[in-house]
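Following: one structure in structure tokens, then a few remarks.
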Amino acid sequence: MNVFLDFEKPIADLEGKIEELRQLGSGKTDDEAARNPPVNVEEEIARLQAKSSQAVADIYARLSPWQKAQVARHPGRPHFSDYIRGLIADFTPLAGDRLYGEDKAIVTGLGRFRGRPVALVGQEKGNDTKSRLLHNFGMAMPEGYRKVQRLIEMANRFGLPVISLVDTAGAYPGIGAEERGQAEAIARSTQACLSLKTPFVATIIGEGGSGGAVAIAAANRVYMLEHSIYSVISPEGCASILWHKSDKAADAAAAMKITAQDLLSIKVIDGIIPEPVGGAHRAPERAVQVAGDTIERALNELSGHPAEELKRLRREKYLQIGTLETA
Amino acid sequence: MNWITNFVRPRIKGLMGSKSITSDTLWKKCSGCGEMVFHRDLIAAHNVCPRCQHHMRIGAKDRFTHLFDDGAHEKLPSPDVPQDPLRFRDDKRYADRLKEYRTKTGLNDALVAARGMLDGLPVVIAVQSFEFMGGSLGLAAGAGLVAAMRTAVAEKRPFILVVSSGGARMQEGIFSLMQMPRTTVGVDMLNEAGLPYIVVLTDPTTGGVSASYAMLGDVQIAEPGALIGFSGPRVIEQTIRERLPEGFQRAEYLLAHGMLDMIVHRRELKDTLSRVLRLLLKQPAPQRGNGYAKPNGAAEAAQPAPRA
């Protein structure tokens with residue numbers, strides 16, 4: 001089943017027509033026209049498919065920031081577990097923060113990425129009602145961020161590079177989360193990222209929402225998928241605070257500069273990973289491999305640096321962002 | 001607007017002193033209990049209501065006067081940062097908003113840092129005050145904090161942060177978010193230099209500020225009743241669709257949940273900071289005639305032998 005976003009209506013209409021014609025061609029209807037198709041069905045389908053592909057390419061070539069936010073949240077978009085399936089052999093999830101509980105919004109573990117043992121961390125949003133609830137829609141509790149600290153500390157001791165896949169609307173805002181120190185957990189997780197002495201590559205695969213994202217993204221290299229977003233607050237949140245109405249989300253999305261293209265131009269990220277035409281959700285497996293290629297290249301480059309240097313460079317990177325020299 | 005309002009009135013005001021004597025300045029309404037408090041009493045109590053002990057918000061100037069010996073301090077220069085890097089505009093241009101706050105508060109941005117002596121100890125104190133755009137964290141505050149931390153490291157001074165902030169400055173978008181790792185690097189520099197980093201959380205401290213440097217102190221102190229948390233109470237209420245429990249996210253709640261070392265009344269703050277710093281720095285206790293340096297509770301008694 002395809003999910004079409006609002007602005008994909010022209011594509012949805014064409015796909016609908018194609019589907020109708022297919023049913024006609026296969027004679028599944030009793031319709032008179034079905035037995036005597038007025039035109040060559042195959043030809044018509046091919047024509048419409050070309051038109052649809054063109055519409056996809058056109059629409060996705062000029063997505064607005066708000067449309068990109070919707071693509072970044074598309075339910076069919078590859079999530080953390082799709083990347084693990086496509087890129088990681090011997091994946092061994094490691095659970096629990098040893099303090100309170102196991103938070104499934106953040107998954108951590110060990111595995112082999114194209115032959116090299118690595119530590120992995122990322123938010124998982126889930127892809128159906130059951131798994132979304134299990135993973136709390138990718139919104140982590142303090143336990144999740146404390147599990148990350150544990151993983152990074154271990155990666156440090158064993159000299160494992162860390163791959164982070166960021167996909168969250170933000171850390172969970174709830175009573176339990178506050179009670180158990182959400183702010184402190186996020187702060188310490190960011191601190192752990194900055195103390196790491198091994199190569200650390202973070203990729204925003206969907207949504208990079210606020211402190212809950214940066215807590216696992218203070219890396220040597222930060223990449224974003226072509227239609228992902230990274231922001232200090234959700235466009236809706238920003239709109240309701242600054243415009244006093246949430247229907248200004250599109251304006252807020254544009255004003256905050258949340259797209260990969262904007263963030264590369266102001267040198268906050270290191271590169272953009274191209275998505276298949278029409279977004280990662282149209283060809284998830286290919287999207288995952290392309291991201292893997294970028295991550296692999298980055299790890300190769302970084303592995304040439306001595307341990308202390310990796311930490312120093314990462315710190316320099318964050319000290320430099322937004323200074324007069326780089327702006 | 002005419003010659004009289006534009007020219008004559010300011011001259012008259014100038015002759016009479018900058019503040020006219022009205023009930024506004026003689027009396028202040030306590031934002032806690034609503035009682036009218038005599039201005040002079042309030043100043044003497046560092047803006048704590050003598051009636052209900054509510055700790056009112058105060059700015060950098062009052063903090064420095066209170067914490068530095070004789071109020072003497074030297075402000076650290078605030079680094080130049082890009083102004084309005086995103087050319088942000090909501091109902092109003094961010095550039096205009098900045099100008100307004102600068103005029104209104106006389107501050108350049110939310111964070112002011114200074115060096116001076118606290119109870120005879122050389123220290124750097126940074127104050128992030130709510131009065132400037134809700135104390136929000138942007139490039140200026142982030143860069144100012146890191147520069148002040150570098151100064152502390154270079155001069156081997158302990159670092160005290162007195163913070164009040166709603167969190168990230170949305171008008172600076174991702175640059176605001178990037179101040180979280182950036183300031184964390186500053187905290188790490190203090191840690192590595194073996195210098196104490198004491199955080200005093202005041203009302204309110206939330207969002208990206210509490211989720212970075214404001215929660216990374218060696219010792220975490222809060223003022224009574226201060227609202228401290230990651231998500232604001234309104235966001236939580238909207239998410240869980242429940243009323244929040246009484247006292248939720250207040251300093252007392254955080255202390256009970258293990259997130260703070262102590263809650264300190266404003267009048268005790270300077271002594272507490274001095275005591276903590278002197279212990280961490282292995283400095284002798286200050287000489288005072290108040291029994292301060294004597295063992296707790298047993299001023300003249302012999303110290304019991306430590307248990308093995």
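In the structure tokens, chains take the letters A, B, ... in the order shown, each chain's residues start at 1, and ligands count up from 1 in the order shown.
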
Compile a residue-level contact table for chain A against chain B at a cut-off of 9 Å, reporting for every qualifying residue the shortest atom pair and its distance in Å to one decimal, with only C-alpha atoms counted, rows ordered by chain and ascending number, as a Markdown table.
| residue | atom | partner | partner_atom | distance |
| --- | --- | --- | --- | --- |
| A:Ala171 | CA | B:Ser231 | CA | 8.9 |
| A:Tyr172 | CA | B:Ser231 | CA | 8.4 |
| A:Pro173 | CA | B:Ile236 | CA | 5.3 |
| A:Gly174 | CA | B:Ile236 | CA | 5.4 |
| A:Ile175 | CA | B:Ile236 | CA | 7.4 |
| A:Ala177 | CA | B:Phe230 | CA | 8.8 |
| A:Glu178 | CA | B:Gly229 | CA | 6.4 |
| A:Glu179 | CA | B:His257 | CA | 6.4 |
| A:Arg180 | CA | B:His257 | CA | 7.0 |
| A:Gly181 | CA | B:Met259 | CA | 6.6 |
| A:Gln182 | CA | B:Phe230 | CA | 6.1 |
| A:Ala183 | CA | B:Ala211 | CA | 4.0 |
| A:Glu184 | CA | B:Met215 | CA | 5.4 |
| A:Ala185 | CA | B:Ala211 | CA | 7.6 |
| A:Ile186 | CA | B:Ala211 | CA | 5.5 |
| A:Ala187 | CA | B:Ser212 | CA | 4.2 |
| A:Arg188 | CA | B:Leu216 | CA | 7.4 |
| A:Thr190 | CA | B:Pro181 | CA | 6.3 |
| A:Gln191 | CA | B:Thr184 | CA | 6.2 |
| A:Cys193 | CA | B:Pro181 | CA | 9.0 |
| A:Leu194 | CA | B:Val185 | CA | 7.3 |
| A:Ser195 | CA | B:Asp188 | CA | 8.6 |
| A:Ser210 | CA | B:Leu177 | CA | 6.7 |
| A:Gly211 | CA | B:Gly208 | CA | 6.1 |
| A:Val214 | CA | B:Leu177 | CA | 7.6 |
| A:Ala215 | CA | B:Pro181 | CA | 8.3 |
| A:Ala218 | CA | B:Pro181 | CA | 6.5 |
| A:Tyr230 | CA | B:Ile174 | CA | 7.4 |
| A:Ser231 | CA | B:Ile174 | CA | 5.5 |
| A:Val232 | CA | B:Leu177 | CA | 5.2 |
| A:Ile233 | CA | B:Met170 | CA | 7.3 |
| A:Cys238 | CA | B:Met170 | CA | 7.0 |
| A:Ala239 | CA | B:Asp90 | CA | 8.5 |
| A:Leu242 | CA | B:Asp90 | CA | 6.4 |
| A:Trp243 | CA | B:Asp90 | CA | 6.3 |
| A:Asp251 | CA | B:Asp90 | CA | 8.2 |
| A:Ala252 | CA | B:Asp90 | CA | 7.7 |
| A:Ala255 | CA | B:Phe88 | CA | 5.8 |
| A:Met256 | CA | B:Gly173 | CA | 5.0 |
| A:Lys257 | CA | B:Gly173 | CA | 6.9 |
| A:Ile258 | CA | B:Ile174 | CA | 7.4 |
| A:Leu263 | CA | B:Ile174 | CA | 8.1 |
| A:Val268 | CA | B:Ile174 | CA | 7.9 |
| A:Arg315 | CA | B:Val185 | CA | 6.3 |
| A:Glu316 | CA | B:Val185 | CA | 8.8 |
| A:Lys317 | CA | B:Arg182 | CA | 8.6 |
| A:Tyr318 | CA | B:Arg182 | CA | 5.0 |
| A:Leu319 | CA | B:Arg182 | CA | 5.2 |
| A:Gln320 | CA | B:Arg182 | CA | 8.4 |
| A:Ile321 | CA | B:Met178 | CA | 7.3 |
| A:Gly322 | CA | B:Phe175 | CA | 6.4 |
| A:Thr323 | CA | B:Val81 | CA | 6.0 |
| A:Leu324 | CA | B:Val81 | CA | 5.8 |
| A:Ala327 | CA | B:Pro82 | CA | 7.2 |

As a PyMOL selection string, list the residues of region 132-189 of chain B assigned to alpha helix (DSSP H) by DSSP on the backbone atoms of this structure. chain B and resi 139-154+173-177+179-189

Fill in: Between CA of Ala202 (chain A) and CA of Ser164 (chain A), distance in Å (one decimal)
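Interatomic distance, CA of Ala202 (chain A) to CA of Ser164 (chain A): 4.5 Å.
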
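All residues of protein, DNA or RNA that reach within 12 Å of Glu74 (chain B), judged by only C-alpha atoms and not counting those fewer than 5 positions away in the chain, are Lys61, Phe64, Thr65, Phe68, Asp69, Val112, Ala113, Ala114, Arg115, Gly116, Met117, Pro122, Val123, Val124, Ile125, Ala126 and Ala148 of chain B.
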
Next item on the list: Could you give me, as a ChimeraX atom specification, the residues within 12 Å of Gly106 (chain B), counting only C-alpha atoms and dropping anything in the same chain fewer than 6 positions from it?
Entry: /B:59-61,98-100,112,131-132

Could you write out that same residue set with N, CA and C atoms as a PDB file, in the first residue's frame?
ATOM      1  N   GLY B  59      18.959  39.950  37.642  1.00  0.00           N
ATOM      2  CA  GLY B  59      19.860  39.969  36.496  1.00  0.00           C
ATOM      3  C   GLY B  59      21.317  39.888  36.920  1.00  0.00           C
ATOM      4  N   ALA B  60      22.183  40.017  35.904  1.00  0.00           N
ATOM      5  CA  ALA B  60      23.616  39.849  36.114  1.00  0.00           C
ATOM      6  C   ALA B  60      24.165  40.872  37.101  1.00  0.00           C
ATOM      7  N   LYS B  61      23.689  42.106  36.984  1.00  0.00           N
ATOM      8  CA  LYS B  61      24.235  43.183  37.802  1.00  0.00           C
ATOM      9  C   LYS B  61      24.051  42.871  39.293  1.00  0.00           C
ATOM     10  N   LEU B  98      16.271  41.821  18.748  1.00  0.00           N
ATOM     11  CA  LEU B  98      17.556  41.943  19.455  1.00  0.00           C
ATOM     12  C   LEU B  98      17.786  43.383  19.906  1.00  0.00           C
ATOM     13  N   LYS B  99      17.547  44.299  18.982  1.00  0.00           N
ATOM     14  CA  LYS B  99      17.755  45.720  19.283  1.00  0.00           C
ATOM     15  C   LYS B  99      16.877  46.144  20.456  1.00  0.00           C
ATOM     16  N   GLU B 100      15.616  45.733  20.414  1.00  0.00           N
ATOM     17  CA  GLU B 100      14.686  46.077  21.493  1.00  0.00           C
ATOM     18  C   GLU B 100      15.193  45.612  22.841  1.00  0.00           C
ATOM     19  N   VAL B 112      26.426  37.221  30.648  1.00  0.00           N
ATOM     20  CA  VAL B 112      27.490  38.152  31.016  1.00  0.00           C
ATOM     21  C   VAL B 112      28.439  37.414  31.947  1.00  0.00           C
ATOM     22  N   GLU B 131      15.993  37.973  31.709  1.00  0.00           N
ATOM     23  CA  GLU B 131      15.465  39.247  31.211  1.00  0.00           C
ATOM     24  C   GLU B 131      15.793  39.487  29.728  1.00  0.00           C
ATOM     25  N   PHE B 132      16.877  38.856  29.221  1.00  0.00           N
ATOM     26  CA  PHE B 132      17.208  39.060  27.817  1.00  0.00           C
ATOM     27  C   PHE B 132      16.662  37.894  26.990  1.00  0.00           C
TER      28      PHE B 132
END

Practice problem: Find the residues near region 134-139 of chain A: any atom within 6 Å, counting only C-alpha atoms, skip ones fewer than 2 places away on the same chain, and give them as an NGL selection string. | Solution: :A and (104-105 or 123-125 or 131-132 or 168 or 170-172)

Write to file, as a compact mmCIF listing (two decimals), in the first residue's frame, the residues of the selection just made, with C-alpha atoms.
# COMPACT_ATOMS: atom_id res chain seq x y z
CA LYS A 104 13.57 0.69 22.83
CA ALA A 105 13.31 4.14 21.24
CA GLN A 123 16.52 5.89 17.11
CA GLU A 124 13.95 3.48 15.74
CA LYS A 125 10.50 4.85 14.99
CA SER A 131 6.26 -1.51 16.58
CA ARG A 132 5.67 2.25 16.85
CA THR A 168 13.68 11.33 16.15
CA GLY A 170 12.87 14.70 19.93
CA ALA A 171 13.40 13.23 23.36
CA TYR A 172 10.13 12.21 25.02

Exercise. Can you list, as an MDAnalysis selection string, every protein, DNA or RNA residue that comes within 7 Å of region 66-76 of chain A when you count only C-alpha atoms, leaving out same-chain residues fewer than 2 positions away?
Worked result: chainID A and resid 63:64 78 127 206:207 227:229 250 253:254 281

Dump N, CA and C atoms for the selected residues as a PDB file, in the first residue's frame?
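The resulting part13.pdb:
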ATOM      1  N   LEU A  63      11.212  20.465  -3.611  1.00  0.00           N
ATOM      2  CA  LEU A  63      10.419  20.364  -2.378  1.00  0.00           C
ATOM      3  C   LEU A  63      10.678  21.587  -1.503  1.00  0.00           C
ATOM      4  N   SER A  64       9.620  22.106  -0.896  1.00  0.00           N
ATOM      5  CA  SER A  64       9.796  23.185   0.065  1.00  0.00           C
ATOM      6  C   SER A  64      10.292  22.577   1.382  1.00  0.00           C
ATOM      7  N   PRO A  78      12.958   4.355   5.008  1.00  0.00           N
ATOM      8  CA  PRO A  78      13.746   3.363   5.756  1.00  0.00           C
ATOM      9  C   PRO A  78      14.129   3.885   7.138  1.00  0.00           C
ATOM     10  N   ASN A 127       7.406   0.744  12.264  1.00  0.00           N
ATOM     11  CA  ASN A 127       6.748   0.914  10.971  1.00  0.00           C
ATOM     12  C   ASN A 127       5.296   0.434  10.933  1.00  0.00           C
ATOM     13  N   GLY A 206      16.256  10.714   8.895  1.00  0.00           N
ATOM     14  CA  GLY A 206      14.875  11.197   8.765  1.00  0.00           C
ATOM     15  C   GLY A 206      14.768  12.542   9.451  1.00  0.00           C
ATOM     16  N   GLU A 207      14.312  12.485  10.712  1.00  0.00           N
ATOM     17  CA  GLU A 207      14.179  13.706  11.499  1.00  0.00           C
ATOM     18  C   GLU A 207      15.317  13.801  12.505  1.00  0.00           C
ATOM     19  N   HIS A 227      16.542  14.413   1.778  1.00  0.00           N
ATOM     20  CA  HIS A 227      15.259  14.976   2.210  1.00  0.00           C
ATOM     21  C   HIS A 227      15.026  14.834   3.711  1.00  0.00           C
ATOM     22  N   SER A 228      16.095  14.780   4.467  1.00  0.00           N
ATOM     23  CA  SER A 228      15.933  14.729   5.920  1.00  0.00           C
ATOM     24  C   SER A 228      15.967  16.155   6.471  1.00  0.00           C
ATOM     25  N   ILE A 229      15.601  16.298   7.736  1.00  0.00           N
ATOM     26  CA  ILE A 229      15.633  17.621   8.374  1.00  0.00           C
ATOM     27  C   ILE A 229      16.361  17.543   9.714  1.00  0.00           C
ATOM     28  N   ALA A 250       4.752  25.733   8.055  1.00  0.00           N
ATOM     29  CA  ALA A 250       5.480  25.848   6.784  1.00  0.00           C
ATOM     30  C   ALA A 250       6.403  27.072   6.823  1.00  0.00           C
ATOM     31  N   ALA A 253       9.266  26.281   9.154  1.00  0.00           N
ATOM     32  CA  ALA A 253      10.213  25.356   8.527  1.00  0.00           C
ATOM     33  C   ALA A 253      11.164  26.106   7.602  1.00  0.00           C
ATOM     34  N   ALA A 254      10.619  27.068   6.881  1.00  0.00           N
ATOM     35  CA  ALA A 254      11.465  27.835   5.950  1.00  0.00           C
ATOM     36  C   ALA A 254      12.397  28.767   6.721  1.00  0.00           C
ATOM     37  N   HIS A 281      11.821   6.502   0.494  1.00  0.00           N
ATOM     38  CA  HIS A 281      10.733   5.529   0.648  1.00  0.00           C
ATOM     39  C   HIS A 281      10.339   4.869  -0.661  1.00  0.00           C
TER      40      HIS A 281
END

Residues within 7 Å of Leu196 (chain A), only C-alpha atoms, excluding chain neighbours under 2 positions, as an mmCIF file with C-alpha atoms, in the first residue's frame:
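Listed below is the output, out_15.cif:
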data_model
loop_
_atom_site.group_PDB
_atom_site.id
_atom_site.type_symbol
_atom_site.label_atom_id
_atom_site.label_comp_id
_atom_site.auth_asym_id
_atom_site.auth_seq_id
_atom_site.Cartn_x
_atom_site.Cartn_y
_atom_site.Cartn_z
ATOM 1 C CA ILE A 152 30.151 4.924 23.709
ATOM 2 C CA ASN A 156 36.116 3.901 23.453
ATOM 3 C CA ALA A 192 30.137 11.070 25.922
ATOM 4 C CA CYS A 193 30.024 11.667 22.144
ATOM 5 C CA LEU A 194 32.601 14.433 22.510
ATOM 6 C CA THR A 198 37.462 6.536 17.792
ATOM 7 C CA LYS A 311 38.668 13.771 19.828
#
